[in-house]
$ cat upload_24.cif   # mmCIF, C-alpha atoms
data_entry
#
loop_
_atom_site.label_atom_id
_atom_site.label_comp_id
_atom_site.auth_asym_id
_atom_site.auth_seq_id
_atom_site.Cartn_x
_atom_site.Cartn_y
_atom_site.Cartn_z
CA MET A 65 104.15 96.52 104.25
CA ALA A 66 101.53 99.24 104.00
CA ASP A 67 99.37 100.30 106.93
CA PRO A 68 96.59 97.72 107.40
CA SER A 69 94.16 100.59 107.94
CA LEU A 70 94.67 101.71 104.33
CA ASP A 71 91.23 102.59 102.94
CA LEU A 72 90.81 101.85 99.23
CA SER A 73 87.02 101.85 99.26
CA VAL A 74 86.59 104.91 97.00
CA TYR A 75 89.65 105.03 94.78
CA LEU A 76 89.96 107.84 92.24
CA VAL A 77 92.13 107.24 89.16
CA THR A 78 92.80 110.46 87.27
CA ASP A 79 92.30 111.04 83.56
CA ALA A 80 93.72 114.38 82.41
CA VAL A 81 91.43 114.65 79.39
CA GLN A 82 88.25 114.00 81.36
CA CYS A 83 89.40 116.35 84.13
CA ARG A 84 90.05 119.26 81.79
CA ARG A 85 86.78 121.10 82.57
CA LEU A 86 87.94 121.95 86.11
CA GLY A 87 91.55 120.90 85.79
CA LEU A 88 93.12 117.77 87.21
CA VAL A 89 94.13 119.18 90.59
CA GLU A 90 90.81 120.96 91.12
CA THR A 91 88.91 117.81 90.20
CA VAL A 92 90.88 115.73 92.69
CA VAL A 93 90.45 118.28 95.46
CA ALA A 94 86.70 118.37 94.86
CA ALA A 95 86.53 114.57 94.86
CA ILE A 96 88.40 114.43 98.16
CA ARG A 97 85.83 116.77 99.67
CA GLY A 98 83.21 114.31 98.44
CA GLY A 99 84.79 111.34 100.20
CA VAL A 100 87.45 109.78 97.98
CA THR A 101 89.78 107.65 100.12
CA ALA A 102 92.71 107.11 97.72
CA VAL A 103 94.02 108.87 94.62
CA GLN A 104 96.04 107.48 91.75
CA LEU A 105 97.80 109.99 89.50
CA ARG A 106 97.66 108.44 86.04
CA ASP A 107 98.49 110.11 82.74
CA LYS A 108 100.23 107.95 80.16
CA GLN A 109 100.80 110.93 77.84
CA ALA A 110 102.33 113.38 80.33
CA THR A 111 106.06 113.85 80.67
CA ASP A 112 107.78 113.05 83.94
CA SER A 113 108.25 116.77 84.64
CA GLU A 114 104.53 117.41 84.08
CA LEU A 115 103.58 114.60 86.45
CA ILE A 116 106.06 115.79 89.05
CA ARG A 117 104.50 119.26 88.96
CA GLN A 118 100.98 117.85 89.26
CA GLY A 119 102.02 115.39 91.96
CA ARG A 120 103.64 118.06 94.10
CA GLU A 121 100.59 120.28 93.81
CA LEU A 122 98.31 117.39 94.74
CA LEU A 123 100.43 116.52 97.75
CA ARG A 124 100.26 120.12 98.91
CA HIS A 125 96.45 119.96 98.87
CA MET A 126 96.33 116.44 100.35
CA SER A 127 98.75 117.08 103.21
CA GLY A 128 97.29 115.97 106.52
CA SER A 129 94.27 114.28 104.94
CA GLY A 130 95.53 110.74 105.44
CA ILE A 131 94.59 109.99 101.83
CA PRO A 132 97.40 108.27 99.91
CA LEU A 133 98.67 109.56 96.58
CA ILE A 134 99.68 106.65 94.37
CA VAL A 135 101.44 107.20 91.04
CA ASN A 136 100.65 105.00 88.07
CA ASP A 137 103.73 103.25 86.70
CA ARG A 138 106.26 106.11 87.02
CA LEU A 139 108.54 104.96 89.80
CA ASP A 140 111.00 107.83 89.32
CA VAL A 141 108.15 110.36 89.54
CA ALA A 142 106.81 108.79 92.72
CA ALA A 143 110.25 108.82 94.33
CA GLU A 144 110.88 112.43 93.28
CA ILE A 145 107.68 113.82 94.77
CA GLY A 146 107.54 111.55 97.82
CA ALA A 147 104.29 109.85 96.82
CA ASP A 148 102.80 107.18 99.06
CA GLY A 149 103.16 104.47 96.47
CA VAL A 150 103.05 103.21 92.90
CA HIS A 151 100.56 101.15 90.94
CA VAL A 152 102.05 98.99 88.20
CA GLY A 153 100.58 96.89 85.43
CA GLN A 154 101.62 93.44 84.32
CA ALA A 155 103.96 95.02 81.77
CA ASP A 156 105.12 97.97 83.89
CA ALA A 157 107.97 98.22 86.38
CA ALA A 158 108.15 95.12 88.56
CA ALA A 159 106.54 95.30 91.97
CA ARG A 160 109.85 94.22 93.48
CA GLN A 161 111.57 97.29 92.01
CA VAL A 162 108.93 99.54 93.54
CA ARG A 163 109.22 97.91 96.95
CA GLU A 164 113.02 98.08 96.91
CA ARG A 165 113.05 101.72 95.79
CA LEU A 166 110.28 103.13 98.00
CA GLY A 167 110.62 100.90 101.03
CA ALA A 168 108.49 98.74 103.27
CA ASN A 169 105.89 101.42 104.03
CA ALA A 170 105.09 102.26 100.42
CA VAL A 171 101.74 101.28 98.93
CA VAL A 172 102.31 98.93 96.00
CA GLY A 173 99.41 98.09 93.70
CA LEU A 174 99.34 95.67 90.78
CA SER A 175 96.86 95.33 87.93
CA VAL A 176 95.50 91.83 87.36
CA GLN A 177 93.05 90.60 84.76
CA THR A 178 93.06 86.82 85.16
CA LEU A 179 93.06 84.07 87.76
CA GLU A 180 96.65 83.29 86.81
CA HIS A 181 97.69 86.88 87.46
CA ALA A 182 96.00 86.84 90.86
CA GLN A 183 97.47 83.50 91.89
CA ALA A 184 100.97 84.75 91.02
CA VAL A 185 100.77 87.82 93.31
CA ASP A 186 103.48 87.99 95.97
CA SER A 187 101.83 89.35 99.11
CA ILE A 188 105.22 90.39 100.49
CA LEU A 189 105.69 92.82 97.61
CA VAL A 190 102.11 93.81 96.72
CA ASP A 191 99.58 95.49 99.01
CA TYR A 192 96.52 95.35 96.77
CA VAL A 193 95.47 94.40 93.26
CA GLY A 194 93.37 96.35 90.82
CA VAL A 195 91.04 93.85 89.13
CA GLY A 196 89.38 94.55 85.83
CA PRO A 197 87.99 95.68 83.68
CA VAL A 198 84.63 94.71 85.12
CA PHE A 199 82.92 96.42 82.17
CA ALA A 200 84.27 97.76 78.90
CA THR A 201 85.55 101.30 79.24
CA ARG A 202 86.64 104.04 76.87
CA THR A 203 89.35 105.24 79.24
CA LYS A 204 91.50 102.24 78.32
CA PRO A 205 90.61 101.06 74.80
CA ASP A 206 93.25 98.30 74.80
CA HIS A 207 91.85 96.65 77.93
CA ALA A 208 91.44 92.92 78.42
CA ARG A 209 88.08 91.19 78.00
CA PRO A 210 85.58 92.48 80.60
CA LEU A 211 85.21 90.19 83.62
CA GLY A 212 81.70 91.02 84.76
CA PHE A 213 80.86 90.48 88.41
CA CYS A 214 81.21 86.70 88.27
CA GLY A 215 84.71 86.99 86.81
CA LEU A 216 85.55 89.67 89.36
CA ALA A 217 84.51 87.34 92.17
CA ASP A 218 86.71 84.55 90.83
CA VAL A 219 89.78 86.79 90.59
CA CYS A 220 89.17 88.36 94.02
CA ALA A 221 88.93 84.90 95.57
CA ALA A 222 92.23 83.90 93.99
CA SER A 223 94.12 86.98 95.18
CA PRO A 224 96.15 86.79 98.41
CA VAL A 225 95.81 90.56 98.90
CA PRO A 226 92.82 92.94 98.93
CA ALA A 227 91.28 93.74 95.56
CA VAL A 228 89.91 96.95 94.10
CA ALA A 229 87.54 96.64 91.14
CA ILE A 230 87.92 98.91 88.11
CA GLY A 231 86.34 99.36 84.72
CA GLY A 232 83.16 101.29 83.92
CA LEU A 233 81.99 101.38 87.54
CA ARG A 234 79.62 103.85 89.21
CA ALA A 235 77.81 104.31 92.52
CA GLU A 236 75.13 101.79 91.57
CA HIS A 237 77.77 99.06 91.26
CA VAL A 238 79.31 99.40 94.73
CA ALA A 239 77.16 96.74 96.41
CA ALA A 240 77.85 94.21 93.67
CA VAL A 241 81.58 94.95 93.85
CA TRP A 242 81.61 94.23 97.59
CA SER A 243 79.52 91.10 97.09
CA ALA A 244 82.15 89.91 94.63
CA GLY A 245 84.82 90.19 97.31
CA ALA A 246 86.52 93.47 96.45
CA VAL A 247 87.29 96.02 99.17
CA GLY A 248 86.83 99.05 96.97
CA VAL A 249 85.82 100.53 93.66
CA ALA A 250 88.22 102.45 91.42
CA LEU A 251 86.58 105.23 89.44
CA VAL A 252 87.72 107.24 86.45
CA SER A 253 84.90 108.59 84.27
CA ALA A 254 82.31 108.52 87.05
CA ILE A 255 84.21 111.31 88.80
CA CYS A 256 86.59 112.88 86.28
CA SER A 257 83.88 113.56 83.68
CA ALA A 258 81.18 114.52 86.19
CA ALA A 259 79.78 118.05 86.11
CA ASP A 260 80.21 118.05 89.91
CA PRO A 261 83.11 115.77 90.95
CA GLU A 262 82.48 116.43 94.63
CA GLN A 263 78.87 115.26 94.41
CA ALA A 264 79.83 112.30 92.21
CA ALA A 265 82.40 111.18 94.76
CA ARG A 266 79.95 111.70 97.62
CA ALA A 267 77.37 109.50 95.93
CA VAL A 268 79.87 106.63 95.78
CA ALA A 269 81.20 107.26 99.29
CA ASP A 270 77.70 107.27 100.79
CA VAL A 271 76.81 103.94 99.18
CA SER A 272 80.19 102.51 100.18
CA ARG A 273 79.67 103.46 103.83
CA ARG A 274 76.22 101.84 103.86
CA VAL A 275 77.49 98.66 102.22
CA ARG A 276 80.47 98.42 104.56
CA ALA A 277 78.29 99.03 107.61
CA ALA A 278 75.91 96.27 106.51
CA ALA A 279 78.90 93.96 106.13
CA GLY A 280 80.18 94.86 109.61
CA VAL A 281 83.25 96.68 108.27
CA GLN A 282 84.23 99.76 110.26
CA ALA A 283 84.45 102.85 108.03
#
$ encode --input "upload_24.cif" --output "structure tokens"
Amino acid sequence: MADPSLDLSVYLVTDAVQCRRLGLVETVVAAIRGGVTAVQLRDKQATDSELIRQGRELLRHMSGSGIPLIVNDRLDVAAEIGADGVHVGQADAAARQVRERLGANAVVGLSVQTLEHAQAVDSILVDYVGVGPVFATRTKPDHARPLGFCGLADVCAASPVPAVAIGGLRAEHVAAVWSAGAVGVALVSAICSAADPEQAARAVADVSRRVRAAAGVQA
């Protein structure tokens, strides 16, 4: 299983279109300077070769940082570049396939939207769940019905593994996300579309540190 010290508190999920002002790699690097603790490389439209190129460049910049690079869905891409893990959806490659291919130390994430999804999670195969959407979001127009914070709390409580909230979230939502039982907030637009991704990430990281400290969680 993944390292128990894995920090998912400020989790950046990339969107190539929203990152185009600075470029995807430059946006991620800036966000890391601002305090992002995990990065998911996600681009449903890119070819495998394009993602491999981006992933290798990201790993070069992230080397030694201790921040994991997780690839969305593309198991072959993750294996090719030596990523730290893969995040899969309910309809993507099975978590078991990821675990068998990448090994016991890989980070395996799974998207869940309902109590039933959460209750079915196998904690031997899955390290964390991404729960959402909390709010409606334009980054994924085919998303499930928004959960809100009450729905988020219900799904977090049902999950046997740590949960990261996603869907229209910003710095001002961090405290509510933690109150709902999640260990982190996944951000797309709040960082990728920001004029200053570093400052946007820092705003979330600062709030996250304060919330965690108040909850007695060591940063």
$ resolve_selection --input "upload_24.cif" --expression "the PyMOL selection byres ((chain A and resi 79) around 8)" --output "ChimeraX atom specification"
/A:77-78,80-83,88,106-107,203,252-253,256
$ atom_distance --input "upload_24.cif" --atom1 "CA of Leu139 (chain A)" --atom2 "CA of Gln183 (chain A)"
24.2 Å
$ resolve_selection --input "upload_24.cif" --expression "the PyMOL selection byres ((chain A and resi 210) around 7)" --output "VMD selection string"
chain A and resid 196 to 200 208 to 209 211 to 212
$ atom_distance --input "upload_24.cif" --atom1 "CA of Gly153 (chain A)" --atom2 "CA of Val193 (chain A)"
9.7 Å
$ residues_around --input "upload_24.cif" --residues "Asp148 (chain A)" --least-positions-apart "5" --cutoff "8 Å" --atoms "all atoms listed in the file" --output "list in words"
Pro132, Leu133, Ile134, Ala142, Ala170 and Val171 of chain A
$ atom_distance --input "upload_24.cif" --atom1 "CA of Ile230 (chain A)" --atom2 "CA of Ala250 (chain A)"
4.9 Å
$ closest_residue --input "upload_24.cif" --among "A:Arg120, A:Arg138, A:His181, A:His237" --to "Val162 (chain A)" --atoms "all atoms listed in the file"
A:Arg138
$ axis_aligned_box --input "upload_24.cif" --around "region 190-202 of chain A" --padding-each-side "5 Å" --output "lines of an AutoDock Vina configuration file"
center_x = 92.5
center_y = 98.9
center_z = 87.9
size_x = 29.2
size_y = 20.2
size_z = 32.1
$ closest_residue --input "upload_24.cif" --among "A:Val150, A:Ala227, A:Ala277, A:Glu180" --to "Gly167 (chain A)" --atoms "all atoms listed in the file"
A:Val150
$ resolve_selection --input "upload_24.cif" --expression "the PyMOL selection byres ((chain A and resi 244) around 7)" --output "CSV table (one decimal) with C-alpha atoms, in the frame of the given file"
chain,number,residue,atom,x,y,z
A,213,PHE,CA,80.9,90.5,88.4
A,216,LEU,CA,85.6,89.7,89.4
A,217,ALA,CA,84.5,87.3,92.2
A,240,ALA,CA,77.8,94.2,93.7
A,241,VAL,CA,81.6,95.0,93.8
A,242,TRP,CA,81.6,94.2,97.6
A,243,SER,CA,79.5,91.1,97.1
A,245,GLY,CA,84.8,90.2,97.3
A,246,ALA,CA,86.5,93.5,96.4
$ residues_around --input "upload_24.cif" --residues "Ser73 (chain A)" --least-positions-apart "3" --cutoff "6 Å" --atoms "only C-alpha atoms" --output "VMD selection string"
chain A and resid 247 to 249
$ residues_around --input "upload_24.cif" --residues "Gly99 (chain A)" --least-positions-apart "5" --cutoff "9 Å" --atoms "all atoms listed in the file" --output "MDAnalysis selection string"
chainID A and resid 74 262 265:270
$ write_last_selection --input "upload_24.cif" --atoms "C-alpha atoms" --output "PDB file, in the frame of the given file"
ATOM      1  CA  VAL A  74      86.590 104.910  97.000  1.00  0.00           C
ATOM      2  CA  GLU A 262      82.480 116.430  94.630  1.00  0.00           C
ATOM      3  CA  ALA A 265      82.400 111.180  94.760  1.00  0.00           C
ATOM      4  CA  ARG A 266      79.950 111.700  97.620  1.00  0.00           C
ATOM      5  CA  ALA A 267      77.370 109.500  95.930  1.00  0.00           C
ATOM      6  CA  VAL A 268      79.870 106.630  95.780  1.00  0.00           C
ATOM      7  CA  ALA A 269      81.200 107.260  99.290  1.00  0.00           C
ATOM      8  CA  ASP A 270      77.700 107.270 100.790  1.00  0.00           C
TER       9      ASP A 270
END
$ residues_around --input "upload_24.cif" --residues "Gln282 (chain A)" --least-positions-apart "3" --cutoff "12 Å" --atoms "only C-alpha atoms" --output "NGL selection string"
:A and (69 or 71 or 73 or 272-279)
$ closest_residue --input "upload_24.cif" --among "A:Ser175, A:Asp191, A:Gly119, A:Arg160" --to "Gly231 (chain A)" --atoms "all atoms listed in the file"
A:Ser175
$ closest_residue --input "upload_24.cif" --among "A:Gly194, A:Gly232, A:Gly215, A:Gly146" --to "Leu179 (chain A)" --atoms "all atoms listed in the file"
A:Gly215
$ closest_residue --input "upload_24.cif" --among "A:Met126, A:Pro224, A:Val238, A:Val176" --to "Arg97 (chain A)" --atoms "all atoms listed in the file"
A:Met126
$ residues_around --input "upload_24.cif" --residues "Arg84 (chain A)" --least-positions-apart "6" --cutoff "10 Å" --atoms "all atoms listed in the file" --output "PyMOL selection string"
chain A and resi 90-91+256-257
$ closest_residue --input "upload_24.cif" --among "A:Ala94, A:Leu166, A:Ala157, A:Val228" --to "Tyr192 (chain A)" --atoms "only C-alpha atoms"
A:Val228
$ decode --input "upload_24.cif" --residues "region 214-260 of chain A" --atoms "N, CA and C atoms" --output "PDB file, in the first residue's frame"
ATOM      1  N   CYS A 214     -23.250  18.197   2.745  1.00  0.00           N
ATOM      2  CA  CYS A 214     -23.924  17.126   3.493  1.00  0.00           C
ATOM      3  C   CYS A 214     -23.735  15.784   2.790  1.00  0.00           C
ATOM      4  N   GLY A 215     -23.899  15.786   1.464  1.00  0.00           N
ATOM      5  CA  GLY A 215     -23.671  14.561   0.704  1.00  0.00           C
ATOM      6  C   GLY A 215     -22.227  14.124   0.764  1.00  0.00           C
ATOM      7  N   LEU A 216     -21.314  15.086   0.717  1.00  0.00           N
ATOM      8  CA  LEU A 216     -19.890  14.776   0.842  1.00  0.00           C
ATOM      9  C   LEU A 216     -19.615  14.080   2.168  1.00  0.00           C
ATOM     10  N   ALA A 217     -20.183  14.598   3.236  1.00  0.00           N
ATOM     11  CA  ALA A 217     -19.972  14.009   4.560  1.00  0.00           C
ATOM     12  C   ALA A 217     -20.472  12.564   4.614  1.00  0.00           C
ATOM     13  N   ASP A 218     -21.607  12.313   4.002  1.00  0.00           N
ATOM     14  CA  ASP A 218     -22.166  10.955   3.997  1.00  0.00           C
ATOM     15  C   ASP A 218     -21.243   9.985   3.261  1.00  0.00           C
ATOM     16  N   VAL A 219     -20.737  10.409   2.107  1.00  0.00           N
ATOM     17  CA  VAL A 219     -19.876   9.528   1.318  1.00  0.00           C
ATOM     18  C   VAL A 219     -18.530   9.329   2.011  1.00  0.00           C
ATOM     19  N   CYS A 220     -17.978  10.392   2.581  1.00  0.00           N
ATOM     20  CA  CYS A 220     -16.714  10.267   3.319  1.00  0.00           C
ATOM     21  C   CYS A 220     -16.850   9.276   4.470  1.00  0.00           C
ATOM     22  N   ALA A 221     -17.964   9.346   5.175  1.00  0.00           N
ATOM     23  CA  ALA A 221     -18.183   8.457   6.317  1.00  0.00           C
ATOM     24  C   ALA A 221     -18.293   7.001   5.887  1.00  0.00           C
ATOM     25  N   ALA A 222     -18.761   6.785   4.674  1.00  0.00           N
ATOM     26  CA  ALA A 222     -18.962   5.424   4.180  1.00  0.00           C
ATOM     27  C   ALA A 222     -17.690   4.824   3.583  1.00  0.00           C
ATOM     28  N   SER A 223     -16.703   5.667   3.312  1.00  0.00           N
ATOM     29  CA  SER A 223     -15.485   5.185   2.655  1.00  0.00           C
ATOM     30  C   SER A 223     -14.506   4.583   3.655  1.00  0.00           C
ATOM     31  N   PRO A 224     -13.919   3.425   3.323  1.00  0.00           N
ATOM     32  CA  PRO A 224     -12.921   2.826   4.218  1.00  0.00           C
ATOM     33  C   PRO A 224     -11.524   3.407   4.038  1.00  0.00           C
ATOM     34  N   VAL A 225     -11.365   4.328   3.076  1.00  0.00           N
ATOM     35  CA  VAL A 225     -10.065   4.945   2.819  1.00  0.00           C
ATOM     36  C   VAL A 225     -10.228   6.464   2.824  1.00  0.00           C
ATOM     37  N   PRO A 226      -9.139   7.206   2.963  1.00  0.00           N
ATOM     38  CA  PRO A 226      -9.236   8.669   2.975  1.00  0.00           C
ATOM     39  C   PRO A 226      -9.902   9.211   1.721  1.00  0.00           C
ATOM     40  N   ALA A 227     -10.593  10.337   1.885  1.00  0.00           N
ATOM     41  CA  ALA A 227     -11.337  10.940   0.782  1.00  0.00           C
ATOM     42  C   ALA A 227     -10.814  12.333   0.468  1.00  0.00           C
ATOM     43  N   VAL A 228     -10.780  12.638  -0.816  1.00  0.00           N
ATOM     44  CA  VAL A 228     -10.438  13.968  -1.305  1.00  0.00           C
ATOM     45  C   VAL A 228     -11.668  14.513  -2.021  1.00  0.00           C
ATOM     46  N   ALA A 229     -12.091  15.709  -1.668  1.00  0.00           N
ATOM     47  CA  ALA A 229     -13.285  16.314  -2.267  1.00  0.00           C
ATOM     48  C   ALA A 229     -12.912  17.022  -3.559  1.00  0.00           C
ATOM     49  N   ILE A 230     -13.812  16.985  -4.540  1.00  0.00           N
ATOM     50  CA  ILE A 230     -13.572  17.645  -5.819  1.00  0.00           C
ATOM     51  C   ILE A 230     -14.877  18.197  -6.368  1.00  0.00           C
ATOM     52  N   GLY A 231     -14.756  19.246  -7.158  1.00  0.00           N
ATOM     53  CA  GLY A 231     -15.933  19.785  -7.841  1.00  0.00           C
ATOM     54  C   GLY A 231     -16.262  21.204  -7.457  1.00  0.00           C
ATOM     55  N   GLY A 232     -15.697  22.178  -8.190  1.00  0.00           N
ATOM     56  CA  GLY A 232     -16.023  23.578  -7.972  1.00  0.00           C
ATOM     57  C   GLY A 232     -15.488  24.166  -6.689  1.00  0.00           C
ATOM     58  N   LEU A 233     -14.424  23.602  -6.160  1.00  0.00           N
ATOM     59  CA  LEU A 233     -13.925  24.015  -4.837  1.00  0.00           C
ATOM     60  C   LEU A 233     -12.817  25.058  -4.930  1.00  0.00           C
ATOM     61  N   ARG A 234     -12.779  25.923  -3.885  1.00  0.00           N
ATOM     62  CA  ARG A 234     -11.781  26.984  -3.795  1.00  0.00           C
ATOM     63  C   ARG A 234     -11.296  27.095  -2.350  1.00  0.00           C
ATOM     64  N   ALA A 235     -10.407  28.043  -2.108  1.00  0.00           N
ATOM     65  CA  ALA A 235      -9.819  28.192  -0.779  1.00  0.00           C
ATOM     66  C   ALA A 235     -10.885  28.357   0.299  1.00  0.00           C
ATOM     67  N   GLU A 236     -11.954  29.088  -0.013  1.00  0.00           N
ATOM     68  CA  GLU A 236     -12.971  29.351   1.001  1.00  0.00           C
ATOM     69  C   GLU A 236     -13.778  28.117   1.394  1.00  0.00           C
ATOM     70  N   HIS A 237     -13.581  27.019   0.676  1.00  0.00           N
ATOM     71  CA  HIS A 237     -14.323  25.789   0.973  1.00  0.00           C
ATOM     72  C   HIS A 237     -13.517  24.791   1.795  1.00  0.00           C
ATOM     73  N   VAL A 238     -12.243  25.054   2.025  1.00  0.00           N
ATOM     74  CA  VAL A 238     -11.367  24.073   2.665  1.00  0.00           C
ATOM     75  C   VAL A 238     -11.881  23.654   4.045  1.00  0.00           C
ATOM     76  N   ALA A 239     -12.271  24.607   4.864  1.00  0.00           N
ATOM     77  CA  ALA A 239     -12.738  24.270   6.214  1.00  0.00           C
ATOM     78  C   ALA A 239     -13.967  23.376   6.167  1.00  0.00           C
ATOM     79  N   ALA A 240     -14.887  23.670   5.273  1.00  0.00           N
ATOM     80  CA  ALA A 240     -16.105  22.859   5.168  1.00  0.00           C
ATOM     81  C   ALA A 240     -15.788  21.455   4.662  1.00  0.00           C
ATOM     82  N   VAL A 241     -14.815  21.356   3.777  1.00  0.00           N
ATOM     83  CA  VAL A 241     -14.397  20.050   3.261  1.00  0.00           C
ATOM     84  C   VAL A 241     -13.841  19.189   4.394  1.00  0.00           C
ATOM     85  N   TRP A 242     -12.990  19.776   5.224  1.00  0.00           N
ATOM     86  CA  TRP A 242     -12.446  19.033   6.360  1.00  0.00           C
ATOM     87  C   TRP A 242     -13.529  18.682   7.372  1.00  0.00           C
ATOM     88  N   SER A 243     -14.454  19.585   7.587  1.00  0.00           N
ATOM     89  CA  SER A 243     -15.557  19.306   8.513  1.00  0.00           C
ATOM     90  C   SER A 243     -16.416  18.140   8.021  1.00  0.00           C
ATOM     91  N   ALA A 244     -16.456  17.980   6.712  1.00  0.00           N
ATOM     92  CA  ALA A 244     -17.240  16.889   6.125  1.00  0.00           C
ATOM     93  C   ALA A 244     -16.513  15.551   6.194  1.00  0.00           C
ATOM     94  N   GLY A 245     -15.253  15.576   6.604  1.00  0.00           N
ATOM     95  CA  GLY A 245     -14.524  14.325   6.769  1.00  0.00           C
ATOM     96  C   GLY A 245     -13.494  14.018   5.706  1.00  0.00           C
ATOM     97  N   ALA A 246     -13.318  14.903   4.733  1.00  0.00           N
ATOM     98  CA  ALA A 246     -12.304  14.683   3.703  1.00  0.00           C
ATOM     99  C   ALA A 246     -10.936  15.115   4.221  1.00  0.00           C
ATOM    100  N   VAL A 247      -9.883  14.530   3.646  1.00  0.00           N
ATOM    101  CA  VAL A 247      -8.527  14.868   4.071  1.00  0.00           C
ATOM    102  C   VAL A 247      -7.861  15.852   3.120  1.00  0.00           C
ATOM    103  N   GLY A 248      -8.571  16.231   2.073  1.00  0.00           N
ATOM    104  CA  GLY A 248      -7.982  17.153   1.119  1.00  0.00           C
ATOM    105  C   GLY A 248      -8.998  17.683   0.142  1.00  0.00           C
ATOM    106  N   VAL A 249      -8.556  18.689  -0.613  1.00  0.00           N
ATOM    107  CA  VAL A 249      -9.406  19.312  -1.610  1.00  0.00           C
ATOM    108  C   VAL A 249      -8.696  19.227  -2.953  1.00  0.00           C
ATOM    109  N   ALA A 250      -9.391  18.707  -3.955  1.00  0.00           N
ATOM    110  CA  ALA A 250      -8.846  18.629  -5.308  1.00  0.00           C
ATOM    111  C   ALA A 250      -9.324  19.842  -6.090  1.00  0.00           C
ATOM    112  N   LEU A 251      -8.388  20.490  -6.764  1.00  0.00           N
ATOM    113  CA  LEU A 251      -8.668  21.751  -7.439  1.00  0.00           C
ATOM    114  C   LEU A 251      -8.298  21.672  -8.906  1.00  0.00           C
ATOM    115  N   VAL A 252      -9.182  22.210  -9.739  1.00  0.00           N
ATOM    116  CA  VAL A 252      -8.900  22.307 -11.174  1.00  0.00           C
ATOM    117  C   VAL A 252      -8.898  23.783 -11.549  1.00  0.00           C
ATOM    118  N   SER A 253     -10.076  24.348 -11.746  1.00  0.00           N
ATOM    119  CA  SER A 253     -10.201  25.739 -12.198  1.00  0.00           C
ATOM    120  C   SER A 253      -9.559  26.728 -11.242  1.00  0.00           C
ATOM    121  N   ALA A 254      -9.667  26.483  -9.942  1.00  0.00           N
ATOM    122  CA  ALA A 254      -9.164  27.433  -8.954  1.00  0.00           C
ATOM    123  C   ALA A 254      -7.678  27.707  -9.122  1.00  0.00           C
ATOM    124  N   ILE A 255      -6.950  26.750  -9.690  1.00  0.00           N
ATOM    125  CA  ILE A 255      -5.523  26.938  -9.929  1.00  0.00           C
ATOM    126  C   ILE A 255      -5.218  27.060 -11.413  1.00  0.00           C
ATOM    127  N   CYS A 256      -5.749  26.162 -12.221  1.00  0.00           N
ATOM    128  CA  CYS A 256      -5.397  26.140 -13.650  1.00  0.00           C
ATOM    129  C   CYS A 256      -5.815  27.409 -14.383  1.00  0.00           C
ATOM    130  N   SER A 257      -6.928  28.017 -13.998  1.00  0.00           N
ATOM    131  CA  SER A 257      -7.405  29.211 -14.691  1.00  0.00           C
ATOM    132  C   SER A 257      -7.007  30.500 -13.981  1.00  0.00           C
ATOM    133  N   ALA A 258      -6.256  30.368 -12.890  1.00  0.00           N
ATOM    134  CA  ALA A 258      -5.865  31.559 -12.127  1.00  0.00           C
ATOM    135  C   ALA A 258      -4.812  32.366 -12.877  1.00  0.00           C
ATOM    136  N   ALA A 259      -4.872  33.678 -12.731  1.00  0.00           N
ATOM    137  CA  ALA A 259      -3.851  34.541 -13.339  1.00  0.00           C
ATOM    138  C   ALA A 259      -2.486  34.254 -12.728  1.00  0.00           C
ATOM    139  N   ASP A 260      -2.473  33.874 -11.447  1.00  0.00           N
ATOM    140  CA  ASP A 260      -1.235  33.543 -10.742  1.00  0.00           C
ATOM    141  C   ASP A 260      -1.426  32.203 -10.040  1.00  0.00           C
TER     142      ASP A 260
END
